[in-house]
Number of protein chains: 2
Amino acid sequence: MKHSHILLAHGSGGRLSQQLIEEMFVSSFDKHAVPRELNDGAVLALPPGKVVMSTDSFVISPLFFPGGDIGKLAVSGTVNDLVACGSRPLYLSTAFILEEGFSLDSLRRIVQSMADTARLAGVELVTGDTKVVEKGSVDQIFINTAGIGVVPDGVVYQPGRINAGDRVLVTGTIGDHGLTILAEREGFKFNTPVTSDCAPLHEIGQSLQPFGEKVHCMRDPTRGGLATVLNELAVQAGLGIQVEEERIPILDAVRSACNMLGMDPLYMANEGKMVIICEPGISEKVLSTLRSIDVSKNATDIGEVISQPAGMVLIKTALGIERILTALEGEHVPRIC
Amino acid sequence: MKHSHILLAHGSGGRLSQQLIEEMFVSSFDKHAVPRELNDGAVLALPPGKVVMSTDSFVISPLFFPGGDIGKLAVSGTVNDLVACGSRPLYLSTAFILEEGFSLDSLRRIVQSMADTARLAGVELVTGDTKVVEKGSVDQIFINTAGIGVVPDGVVYQPGRINAGDRVLVTGTIGDHGLTILAEREGFKFNTPVTSDCAPLHEIGQSLQPFGEKVHCMRDPTRGGLATVLNELAVQAGLGIQVEEERIPILDAVRSACNMLGMDPLYMANEGKMVIICEPGISEKVLSTLRSIDVSKNATDIGEVISQPAGMVLIKTALGIERILTALEGEHVPRIC
């Protein structure tokens with residue numbers, strides 16, 4: 001590549017666009033992508049099962065942060081949405097919007113990170129698009145990924161399948177990603193460094209597949225945090241959810257930093273966690289399965305589904321006092337993912 | 001909706017995000033989307049055949065222009081990429097990146113336009129994402145669509161299938177979209193109004209399906225224009241392409257405006273045209289089929305595939321002089337789609 005920064009011409013559809021695609025994207029992605037002619041679309045080989053589709057755009061700031069970067073996040077985010085649908089993630093499309101003047105070195109790091117994360121998660125990046133806009137029309141780089149996965153027979157994760165008495169599990173500590181981004185952005189320093197939990201959760205999906213329909217629902221608590229996702233699930237299930245505050249795993253460093261900043265970790269974004277709702281009879285086995293996987297080694301049972309009050313989440317404090325845990329109101333932390 | 005403009009909180013993942021999704025997107029899109037629980041992904045019903053995937057981000061400026069808007073463009077663009085792969089377009093994901101302060105009325109118009117275009121093209125908008133960034137971090141609104149289509153048996157559109165002697169067809173006048181956007185942006189006024197050709201081309205795909213493998217390749221000449229797409233095809237096929245300048249359909253208004261502006265319509269973007277390469281024996285039948293459809297009523301045979309010079313495009317002028325037609329170099333018109 002002759003240039004060190006992105007030019008408008010890299011998005012023209014002409015020779016420089018072609019060169020960028022070939023030198024940057026094809027060379028990073030082709031190791032695990034089926035070789036294809038450079039066409040506007042890609043042919044997918046799909047195993048039997050229900051096909052699911054998901055998409056997310058990533059606008060995080062800063063682009064590089066402890067524990068990850070926008071590239072790792074862009075692949076993990078869509079992989080995790082596909083896992084939450086009960087599917088095995090298989091294929092991703094990826095679309096870049098670049099600001100004129102963006103560093104090609106940074107782009108290379110991001111693309112490499114996407115390729116590494118895709119390889120880890122077992123997904124192929126099969127088709128893409130690159131647009132370049134004038135300086136000032138976008139903040140550095142935004143990435144969209146859309147993904148395709150296939151749901152194996154016997155797996156049906158839907159809020160409609162949640163029953164009163166089901167256990168509510170979370171796969172690890174809450175608020176790590178949100179706090180890390182906030183701290184990076186504001187230049188806060190902590191004694192104990194905190195890193196984002198950003199990670200693809202394909203192993204969680206795979207390992208819970210044998211439990212079949214006894215796992216009722218799965219959802220990743222990203223924007224809006226654990227509190228908001230629990231509220232969504234309660235509303236969609238038409239049931240209540242009761243959690244115990246003491247049981248929710250939160251790193252001491254995250255808890256104390258949140259206290260200092262006046263933030264509540266329950267509303268902080270997570271990018272490598274799942275909320276899992278399952279039949280009570282299998283919850284211990286599910287927990288021990290999850291704990292055998294690195295990304296979910298701190299999996300915990302945090303509460304249960306109750307019939308009343310429908311559509312609401314109750315949280316019981318250490319002192320036994322119960323209060324309503326509402327969904328996120330207002331903006332919290334913008335550009336967290 | 002209580003607000004008239006987008007707030008950062010509309011992208012928080014909390015209550016305002018939910019409200020935006022329900023009042024804006026679900027109400028516009030649900031008429032043709034299979035009713036689904038508001039999950040992070042959508043289940044797709046797929047007929048037999050090869051599944052293809054494509055994606056594009058849309059960053060066009062201005063958002064509304066004669067003949068279309070960013071919403072119509074975002075649906076048409078991905079539908080047309082799927083058609084160019086030989087597939088019947090079936091499902092789209094859609095992801096919005098919105099600038100804080102963006103008008104909700106404009107968003108509503110754009111979303112309605114996406115819904116209308118999707119209905120026309122027979123595709124379902126099945127899953128989506130909305131991010132909001134601070135004022136100044138994006139120029140108003142960018143939209144990504146990713147799409148899934150299924151290729152019927154007997155259809156294989158690939159540059160590798162192009163042979164010397166094949167005919168090169170274009171489905172209508174060239175340069176309309178690019179010139180329209182340029183004129184709007186710069187405030188040029190012309191005596192004869194020019195409108196963008198922005199349109200979904202699903203009917204072209206459907207109508208050529210009966211020709212099966214005798215149609216060898218299809219590509220939509222968007223960014224970079226006809227000249228760049230012909231060069232891509234020549235390189236990928238390892239063959240030459242020879243076109244006759246006089247046969248390339250260009251509206252008088254486009255031609256004279258381009259002359260005045262020092263632009264070449266052959267490099268201007270099109271958003272409702274296809275280049276089709278087929279066996280010579282069926283080209284007349286293909287043309288009459290295309291001419292029976294409104295979006296391709298001006299379909300024309302513009303030249304043929306030749307064995308030498310491989311990877312190059314030659315253009316023969318009215319005076320019989322032949323010159324090399326290169327791919328686009330440099331930036332031409334940024335943010336054209």
# chains A, B, ... in the order shown; residues from 1 in each chain; ligands from 1
>>> closest_atom_pairs(of="chain A", to="chain B", cutoff="7 Å", atoms="only C-alpha atoms", output="JSON lines")
{"residue": "A:Leu8", "atom": "CA", "partner": "B:Glu331", "partner_atom": "CA", "distance": 5.9}
{"residue": "A:Ala9", "atom": "CA", "partner": "B:Glu331", "partner_atom": "CA", "distance": 3.9}
{"residue": "A:Ser12", "atom": "CA", "partner": "B:Glu331", "partner_atom": "CA", "distance": 5.1}
{"residue": "A:Gly13", "atom": "CA", "partner": "B:Arg223", "partner_atom": "CA", "distance": 4.9}
{"residue": "A:Gly14", "atom": "CA", "partner": "B:Leu328", "partner_atom": "CA", "distance": 4.5}
{"residue": "A:Arg15", "atom": "CA", "partner": "B:Glu329", "partner_atom": "CA", "distance": 5.7}
{"residue": "A:Asp40", "atom": "CA", "partner": "B:Asp81", "partner_atom": "CA", "distance": 5.7}
{"residue": "A:Gly41", "atom": "CA", "partner": "B:Ser54", "partner_atom": "CA", "distance": 4.4}
{"residue": "A:Ala42", "atom": "CA", "partner": "B:Val52", "partner_atom": "CA", "distance": 5.3}
{"residue": "A:Val43", "atom": "CA", "partner": "B:Val52", "partner_atom": "CA", "distance": 4.4}
{"residue": "A:Leu44", "atom": "CA", "partner": "B:Val51", "partner_atom": "CA", "distance": 5.4}
{"residue": "A:Lys50", "atom": "CA", "partner": "B:Val43", "partner_atom": "CA", "distance": 6.7}
{"residue": "A:Val51", "atom": "CA", "partner": "B:Leu44", "partner_atom": "CA", "distance": 5.4}
{"residue": "A:Val52", "atom": "CA", "partner": "B:Val43", "partner_atom": "CA", "distance": 4.4}
{"residue": "A:Met53", "atom": "CA", "partner": "B:Ala42", "partner_atom": "CA", "distance": 5.3}
{"residue": "A:Ser54", "atom": "CA", "partner": "B:Gly41", "partner_atom": "CA", "distance": 4.4}
{"residue": "A:Thr55", "atom": "CA", "partner": "B:Gly128", "partner_atom": "CA", "distance": 5.9}
{"residue": "A:Asp56", "atom": "CA", "partner": "B:Asp129", "partner_atom": "CA", "distance": 5.4}
{"residue": "A:Ser57", "atom": "CA", "partner": "B:Ala95", "partner_atom": "CA", "distance": 6.4}
{"residue": "A:Asp81", "atom": "CA", "partner": "B:Asp40", "partner_atom": "CA", "distance": 5.7}
{"residue": "A:Leu82", "atom": "CA", "partner": "B:Gly41", "partner_atom": "CA", "distance": 6.7}
{"residue": "A:Cys85", "atom": "CA", "partner": "B:Gly41", "partner_atom": "CA", "distance": 6.3}
{"residue": "A:Ser93", "atom": "CA", "partner": "B:Thr55", "partner_atom": "CA", "distance": 6.3}
{"residue": "A:Ala95", "atom": "CA", "partner": "B:Ser57", "partner_atom": "CA", "distance": 6.4}
{"residue": "A:Thr127", "atom": "CA", "partner": "B:Ser54", "partner_atom": "CA", "distance": 6.1}
{"residue": "A:Gly128", "atom": "CA", "partner": "B:Thr55", "partner_atom": "CA", "distance": 6.0}
{"residue": "A:Asp129", "atom": "CA", "partner": "B:Asp56", "partner_atom": "CA", "distance": 5.4}
{"residue": "A:Val133", "atom": "CA", "partner": "B:Arg335", "partner_atom": "CA", "distance": 6.4}
{"residue": "A:Ser137", "atom": "CA", "partner": "B:Asp139", "partner_atom": "CA", "distance": 4.8}
{"residue": "A:Val138", "atom": "CA", "partner": "B:Val138", "partner_atom": "CA", "distance": 4.2}
{"residue": "A:Asp139", "atom": "CA", "partner": "B:Ser137", "partner_atom": "CA", "distance": 4.9}
{"residue": "A:Ala146", "atom": "CA", "partner": "B:Ala146", "partner_atom": "CA", "distance": 6.4}
{"residue": "A:Arg223", "atom": "CA", "partner": "B:Gly13", "partner_atom": "CA", "distance": 4.9}
{"residue": "A:Gly224", "atom": "CA", "partner": "B:Gly13", "partner_atom": "CA", "distance": 4.9}
{"residue": "A:Thr228", "atom": "CA", "partner": "B:Gly14", "partner_atom": "CA", "distance": 6.4}
{"residue": "A:Ala327", "atom": "CA", "partner": "B:Gly14", "partner_atom": "CA", "distance": 6.2}
{"residue": "A:Leu328", "atom": "CA", "partner": "B:Gly14", "partner_atom": "CA", "distance": 4.5}
{"residue": "A:Glu329", "atom": "CA", "partner": "B:Arg15", "partner_atom": "CA", "distance": 5.7}
{"residue": "A:Gly330", "atom": "CA", "partner": "B:Ala9", "partner_atom": "CA", "distance": 5.0}
{"residue": "A:Glu331", "atom": "CA", "partner": "B:Ala9", "partner_atom": "CA", "distance": 3.9}
{"residue": "A:His332", "atom": "CA", "partner": "B:Ser12", "partner_atom": "CA", "distance": 6.8}
{"residue": "A:Pro334", "atom": "CA", "partner": "B:Ser12", "partner_atom": "CA", "distance": 6.7}
{"residue": "A:Arg335", "atom": "CA", "partner": "B:Val133", "partner_atom": "CA", "distance": 6.4}
>>> write_last_selection(atoms="C-alpha atoms", output="compact mmCIF listing (two decimals), in the first residue's frame")
# COMPACT_ATOMS: atom_id res chain seq x y z
CA LEU A 8 -11.51 9.53 -0.45
CA ALA A 9 -10.42 7.58 -3.53
CA SER A 12 -14.49 5.43 -5.01
CA GLY A 13 -15.15 1.92 -6.26
CA GLY A 14 -12.17 2.37 -8.60
CA ARG A 15 -8.61 1.15 -8.61
CA ASP A 40 -20.68 -8.43 -4.67
CA GLY A 41 -21.90 -11.38 -2.68
CA ALA A 42 -20.77 -14.69 -1.25
CA VAL A 43 -22.18 -18.19 -1.51
CA LEU A 44 -22.77 -19.87 1.86
CA LYS A 50 -33.18 -23.08 11.19
CA VAL A 51 -31.18 -20.20 9.71
CA VAL A 52 -30.97 -17.02 11.80
CA MET A 53 -29.67 -13.57 10.92
CA SER A 54 -28.48 -10.70 13.10
CA THR A 55 -26.77 -7.34 12.62
CA ASP A 56 -25.01 -4.67 14.67
CA SER A 57 -23.08 -1.51 13.94
CA ASP A 81 -26.24 -12.28 19.14
CA LEU A 82 -26.25 -15.43 17.01
CA CYS A 85 -30.57 -17.07 19.26
CA SER A 93 -20.48 -9.80 6.45
CA ALA A 95 -18.88 -3.15 6.25
CA THR A 127 -18.39 -10.47 2.06
CA GLY A 128 -17.87 -6.80 2.74
CA ASP A 129 -18.09 -3.17 1.79
CA VAL A 133 -16.44 9.90 3.79
CA SER A 137 -18.36 13.31 8.47
CA VAL A 138 -17.62 10.29 10.64
CA ASP A 139 -15.48 9.85 13.76
CA ALA A 146 -24.24 -9.00 9.93
CA ARG A 223 -26.08 -1.73 26.03
CA GLY A 224 -28.37 -1.10 28.98
CA THR A 228 -32.22 -3.71 31.16
CA ALA A 327 -34.77 -0.79 32.77
CA LEU A 328 -32.27 1.89 31.83
CA GLU A 329 -33.72 5.38 31.43
CA GLY A 330 -31.72 8.07 29.69
CA GLU A 331 -28.40 7.73 28.00
CA HIS A 332 -25.86 6.30 30.50
CA PRO A 334 -22.84 6.71 24.76
CA ARG A 335 -20.73 4.87 22.13
>>> select_by_dssp(residues="segment 22-211 of chain A", states="helix (DSSP H, G or I)", output="PyMOL selection string")
chain A and resi 22-29+70-84+104-121+159-161+176-186+202-211
>>> select_by_dssp(residues="segment 161-214 of chain A", states="strand (DSSP E or B)", output="list in words")
Arg167, Val168, Leu169 and Val170 of chain A
>>> residues_around(residues="Ile306 of chain B", least_positions_apart="4", cutoff="6 Å", atoms="only C-alpha atoms", output="list in words")
Ala164, Gly240 and Ile241 of chain B
>>> residues_around(residues="segment 21-24 of chain A", least_positions_apart="2", cutoff="8 Å", atoms="only C-alpha atoms", output="list of chain:residue names")
A:Met1, A:Ser17, A:Gln18, A:Gln19, A:Val26, A:Ser27, A:Ser28, A:Arg108, A:Val111
>>> write_last_selection(atoms="all heavy atoms", output="JSON list (two decimals), in the first residue's frame")
[["chain", "number", "residue", "atom", "x", "y", "z"],
["A", 1, "MET", "N", 0.88, -1.19, 0.00],
["A", 1, "MET", "CA", 0.00, 0.00, 0.00],
["A", 1, "MET", "C", 0.90, 1.23, 0.00],
["A", 1, "MET", "O", 1.75, 1.37, 0.87],
["A", 1, "MET", "CB", -0.87, -0.03, 1.26],
["A", 1, "MET", "CG", -2.12, 0.77, 1.16],
["A", 1, "MET", "SD", -3.51, -0.11, 0.42],
["A", 1, "MET", "CE", -3.69, -1.52, 1.54],
["A", 17, "SER", "N", -9.85, 1.50, -4.44],
["A", 17, "SER", "CA", -10.76, 0.66, -3.64],
["A", 17, "SER", "C", -10.36, -0.80, -3.79],
["A", 17, "SER", "O", -10.28, -1.55, -2.81],
["A", 17, "SER", "CB", -12.20, 0.79, -4.13],
["A", 17, "SER", "OG", -12.66, 2.10, -4.02],
["A", 18, "GLN", "N", -10.14, -1.19, -5.03],
["A", 18, "GLN", "CA", -9.78, -2.57, -5.35],
["A", 18, "GLN", "C", -8.48, -2.96, -4.64],
["A", 18, "GLN", "O", -8.37, -4.04, -4.05],
["A", 18, "GLN", "CB", -9.59, -2.66, -6.87],
["A", 18, "GLN", "CG", -9.79, -4.04, -7.45],
["A", 18, "GLN", "CD", -11.21, -4.55, -7.25],
["A", 18, "GLN", "OE1", -12.14, -3.77, -7.09],
["A", 18, "GLN", "NE2", -11.35, -5.86, -7.21],
["A", 19, "GLN", "N", -7.53, -2.02, -4.66],
["A", 19, "GLN", "CA", -6.23, -2.27, -4.04],
["A", 19, "GLN", "C", -6.38, -2.43, -2.52],
["A", 19, "GLN", "O", -5.81, -3.33, -1.91],
["A", 19, "GLN", "CB", -5.33, -1.08, -4.36],
["A", 19, "GLN", "CG", -3.87, -1.30, -4.14],
["A", 19, "GLN", "CD", -3.10, 0.01, -4.35],
["A", 19, "GLN", "OE1", -3.42, 0.80, -5.23],
["A", 19, "GLN", "NE2", -2.09, 0.24, -3.53],
["A", 26, "VAL", "N", -8.60, -9.01, 1.82],
["A", 26, "VAL", "CA", -8.45, -10.38, 1.31],
["A", 26, "VAL", "C", -7.27, -11.06, 1.97],
["A", 26, "VAL", "O", -7.34, -12.20, 2.39],
["A", 26, "VAL", "CB", -8.32, -10.38, -0.24],
["A", 26, "VAL", "CG1", -8.04, -11.79, -0.75],
["A", 26, "VAL", "CG2", -9.60, -9.84, -0.88],
["A", 27, "SER", "N", -6.18, -10.33, 2.13],
["A", 27, "SER", "CA", -4.98, -10.96, 2.70],
["A", 27, "SER", "C", -5.19, -11.34, 4.17],
["A", 27, "SER", "O", -4.64, -12.31, 4.65],
["A", 27, "SER", "CB", -3.77, -10.05, 2.54],
["A", 27, "SER", "OG", -3.89, -8.94, 3.39],
["A", 28, "SER", "N", -5.99, -10.58, 4.89],
["A", 28, "SER", "CA", -6.23, -10.93, 6.30],
["A", 28, "SER", "C", -7.31, -11.99, 6.46],
["A", 28, "SER", "O", -7.29, -12.77, 7.39],
["A", 28, "SER", "CB", -6.67, -9.70, 7.09],
["A", 28, "SER", "OG", -5.62, -8.78, 7.18],
["A", 108, "ARG", "N", -5.26, -1.65, 9.67],
["A", 108, "ARG", "CA", -4.65, -2.97, 9.56],
["A", 108, "ARG", "C", -4.76, -3.74, 10.89],
["A", 108, "ARG", "O", -5.08, -4.92, 10.92],
["A", 108, "ARG", "CB", -3.18, -2.82, 9.13],
["A", 108, "ARG", "CG", -2.57, -4.08, 8.57],
["A", 108, "ARG", "CD", -1.21, -3.80, 7.93],
["A", 108, "ARG", "NE", -1.31, -3.16, 6.63],
["A", 108, "ARG", "CZ", -0.90, -1.92, 6.34],
["A", 108, "ARG", "NH1", -0.36, -1.15, 7.27],
["A", 108, "ARG", "NH2", -1.05, -1.44, 5.13],
["A", 111, "VAL", "N", -8.42, -4.82, 11.29],
["A", 111, "VAL", "CA", -8.77, -5.91, 10.38],
["A", 111, "VAL", "C", -8.14, -7.22, 10.87],
["A", 111, "VAL", "O", -8.77, -8.28, 10.86],
["A", 111, "VAL", "CB", -8.31, -5.56, 8.94],
["A", 111, "VAL", "CG1", -8.35, -6.79, 8.04],
["A", 111, "VAL", "CG2", -9.19, -4.45, 8.37]]
>>> residues_around(residues="segment 257-260 of chain A", least_positions_apart="2", cutoff="12 Å", atoms="only C-alpha atoms", output="MDAnalysis selection string")
chainID A and resid 174:176 178:180 182:183 188:194 250:255 262:268
>>> residues_around(residues="Pro66 of chain B", least_positions_apart="3", cutoff="10 Å", atoms="only C-alpha atoms", output="list in words")
Asp69, His177, Thr180, Ile181, Glu184, Pro193, Val194, Thr195, Ser196, Asp197 and Cys198 of chain B
>>> residues_around(residues="Gly122 of chain A", least_positions_apart="2", cutoff="8 Å", atoms="only C-alpha atoms", output="number ranges by chain")
A: 89-90, 118-120, 124
>>> write_last_selection(atoms="all heavy atoms", output="PDB file, in the first residue's frame")
ATOM      1  N   PRO A  89     -22.848 -19.799  15.092  1.00  0.00           N
ATOM      2  CA  PRO A  89     -22.506 -18.722  14.153  1.00  0.00           C
ATOM      3  C   PRO A  89     -21.624 -19.278  13.034  1.00  0.00           C
ATOM      4  O   PRO A  89     -20.679 -20.022  13.304  1.00  0.00           O
ATOM      5  CB  PRO A  89     -21.713 -17.740  15.015  1.00  0.00           C
ATOM      6  CG  PRO A  89     -21.966 -18.140  16.439  1.00  0.00           C
ATOM      7  CD  PRO A  89     -22.231 -19.603  16.413  1.00  0.00           C
ATOM      8  N   LEU A  90     -21.922 -18.908  11.788  1.00  0.00           N
ATOM      9  CA  LEU A  90     -21.173 -19.466  10.656  1.00  0.00           C
ATOM     10  C   LEU A  90     -20.531 -18.412   9.762  1.00  0.00           C
ATOM     11  O   LEU A  90     -19.373 -18.525   9.406  1.00  0.00           O
ATOM     12  CB  LEU A  90     -22.102 -20.340   9.807  1.00  0.00           C
ATOM     13  CG  LEU A  90     -22.589 -21.617  10.471  1.00  0.00           C
ATOM     14  CD1 LEU A  90     -23.648 -22.280   9.611  1.00  0.00           C
ATOM     15  CD2 LEU A  90     -21.418 -22.578  10.702  1.00  0.00           C
ATOM     16  N   ALA A 118     -12.531 -13.910  14.404  1.00  0.00           N
ATOM     17  CA  ALA A 118     -13.359 -14.779  13.560  1.00  0.00           C
ATOM     18  C   ALA A 118     -12.808 -16.203  13.585  1.00  0.00           C
ATOM     19  O   ALA A 118     -13.566 -17.176  13.693  1.00  0.00           O
ATOM     20  CB  ALA A 118     -13.406 -14.245  12.127  1.00  0.00           C
ATOM     21  N   ARG A 119     -11.481 -16.327  13.501  1.00  0.00           N
ATOM     22  CA  ARG A 119     -10.873 -17.658  13.511  1.00  0.00           C
ATOM     23  C   ARG A 119     -11.183 -18.353  14.837  1.00  0.00           C
ATOM     24  O   ARG A 119     -11.608 -19.499  14.871  1.00  0.00           O
ATOM     25  CB  ARG A 119      -9.359 -17.537  13.310  1.00  0.00           C
ATOM     26  CG  ARG A 119      -8.667 -18.888  13.100  1.00  0.00           C
ATOM     27  CD  ARG A 119      -7.174 -18.721  12.818  1.00  0.00           C
ATOM     28  NE  ARG A 119      -6.918 -17.793  11.736  1.00  0.00           N
ATOM     29  CZ  ARG A 119      -6.339 -16.594  11.868  1.00  0.00           C
ATOM     30  NH1 ARG A 119      -5.928 -16.165  13.045  1.00  0.00           N
ATOM     31  NH2 ARG A 119      -6.165 -15.828  10.819  1.00  0.00           N
ATOM     32  N   LEU A 120     -11.016 -17.602  15.940  1.00  0.00           N
ATOM     33  CA  LEU A 120     -11.308 -18.138  17.263  1.00  0.00           C
ATOM     34  C   LEU A 120     -12.758 -18.620  17.362  1.00  0.00           C
ATOM     35  O   LEU A 120     -13.045 -19.678  17.919  1.00  0.00           O
ATOM     36  CB  LEU A 120     -11.040 -17.029  18.302  1.00  0.00           C
ATOM     37  CG  LEU A 120     -11.294 -17.345  19.769  1.00  0.00           C
ATOM     38  CD1 LEU A 120     -10.283 -18.375  20.263  1.00  0.00           C
ATOM     39  CD2 LEU A 120     -11.185 -16.061  20.617  1.00  0.00           C
ATOM     40  N   GLU A 124     -16.663 -17.381   9.336  1.00  0.00           N
ATOM     41  CA  GLU A 124     -15.979 -16.847   8.165  1.00  0.00           C
ATOM     42  C   GLU A 124     -16.506 -15.453   7.838  1.00  0.00           C
ATOM     43  O   GLU A 124     -17.711 -15.232   7.834  1.00  0.00           O
ATOM     44  CB  GLU A 124     -16.237 -17.747   6.953  1.00  0.00           C
ATOM     45  CG  GLU A 124     -15.545 -19.083   7.032  1.00  0.00           C
ATOM     46  CD  GLU A 124     -15.779 -19.889   5.761  1.00  0.00           C
ATOM     47  OE1 GLU A 124     -15.929 -19.287   4.683  1.00  0.00           O
ATOM     48  OE2 GLU A 124     -15.823 -21.122   5.866  1.00  0.00           O
TER      49      GLU A 124
END
>>> decode(residues="segment 160-171 of chain A", atoms="N, CA, C and O atoms", output="short mmCIF file (atom, residue, chain, number, x, y, z; two decimals), in the first residue's frame")
data_model
loop_
_atom_site.label_atom_id
_atom_site.label_comp_id
_atom_site.auth_asym_id
_atom_site.auth_seq_id
_atom_site.Cartn_x
_atom_site.Cartn_y
_atom_site.Cartn_z
N GLY A 160 -40.66 -16.53 25.20
CA GLY A 160 -41.96 -17.17 25.37
C GLY A 160 -41.86 -18.54 26.03
O GLY A 160 -42.85 -19.09 26.50
N ARG A 161 -40.66 -19.11 26.08
CA ARG A 161 -40.49 -20.44 26.68
C ARG A 161 -40.11 -20.38 28.17
O ARG A 161 -40.00 -21.41 28.84
N ILE A 162 -39.92 -19.15 28.67
CA ILE A 162 -39.56 -18.99 30.08
C ILE A 162 -40.76 -19.32 30.97
O ILE A 162 -41.89 -18.92 30.68
N ASN A 163 -40.51 -20.06 32.05
CA ASN A 163 -41.57 -20.42 33.00
C ASN A 163 -41.24 -19.93 34.40
O ASN A 163 -40.06 -19.81 34.75
N ALA A 164 -42.28 -19.71 35.19
CA ALA A 164 -42.06 -19.41 36.61
C ALA A 164 -41.33 -20.59 37.24
O ALA A 164 -41.62 -21.75 36.92
N GLY A 165 -40.35 -20.29 38.07
CA GLY A 165 -39.55 -21.34 38.69
C GLY A 165 -38.21 -21.55 37.99
O GLY A 165 -37.28 -22.13 38.56
N ASP A 166 -38.10 -21.08 36.74
CA ASP A 166 -36.82 -21.19 36.02
C ASP A 166 -35.73 -20.44 36.78
O ASP A 166 -35.99 -19.46 37.49
N ARG A 167 -34.49 -20.92 36.64
CA ARG A 167 -33.34 -20.24 37.25
C ARG A 167 -32.77 -19.22 36.28
O ARG A 167 -32.78 -19.41 35.06
N VAL A 168 -32.21 -18.16 36.85
CA VAL A 168 -31.59 -17.08 36.06
C VAL A 168 -30.09 -17.12 36.35
O VAL A 168 -29.65 -16.91 37.48
N LEU A 169 -29.32 -17.40 35.30
CA LEU A 169 -27.86 -17.51 35.45
C LEU A 169 -27.19 -16.36 34.69
O LEU A 169 -27.70 -15.90 33.67
N VAL A 170 -26.04 -15.95 35.18
CA VAL A 170 -25.22 -15.02 34.42
C VAL A 170 -23.82 -15.64 34.33
O VAL A 170 -23.37 -16.30 35.27
N THR A 171 -23.18 -15.47 33.16
CA THR A 171 -21.97 -16.27 32.91
C THR A 171 -20.69 -15.66 33.49
O THR A 171 -19.62 -16.25 33.31
#
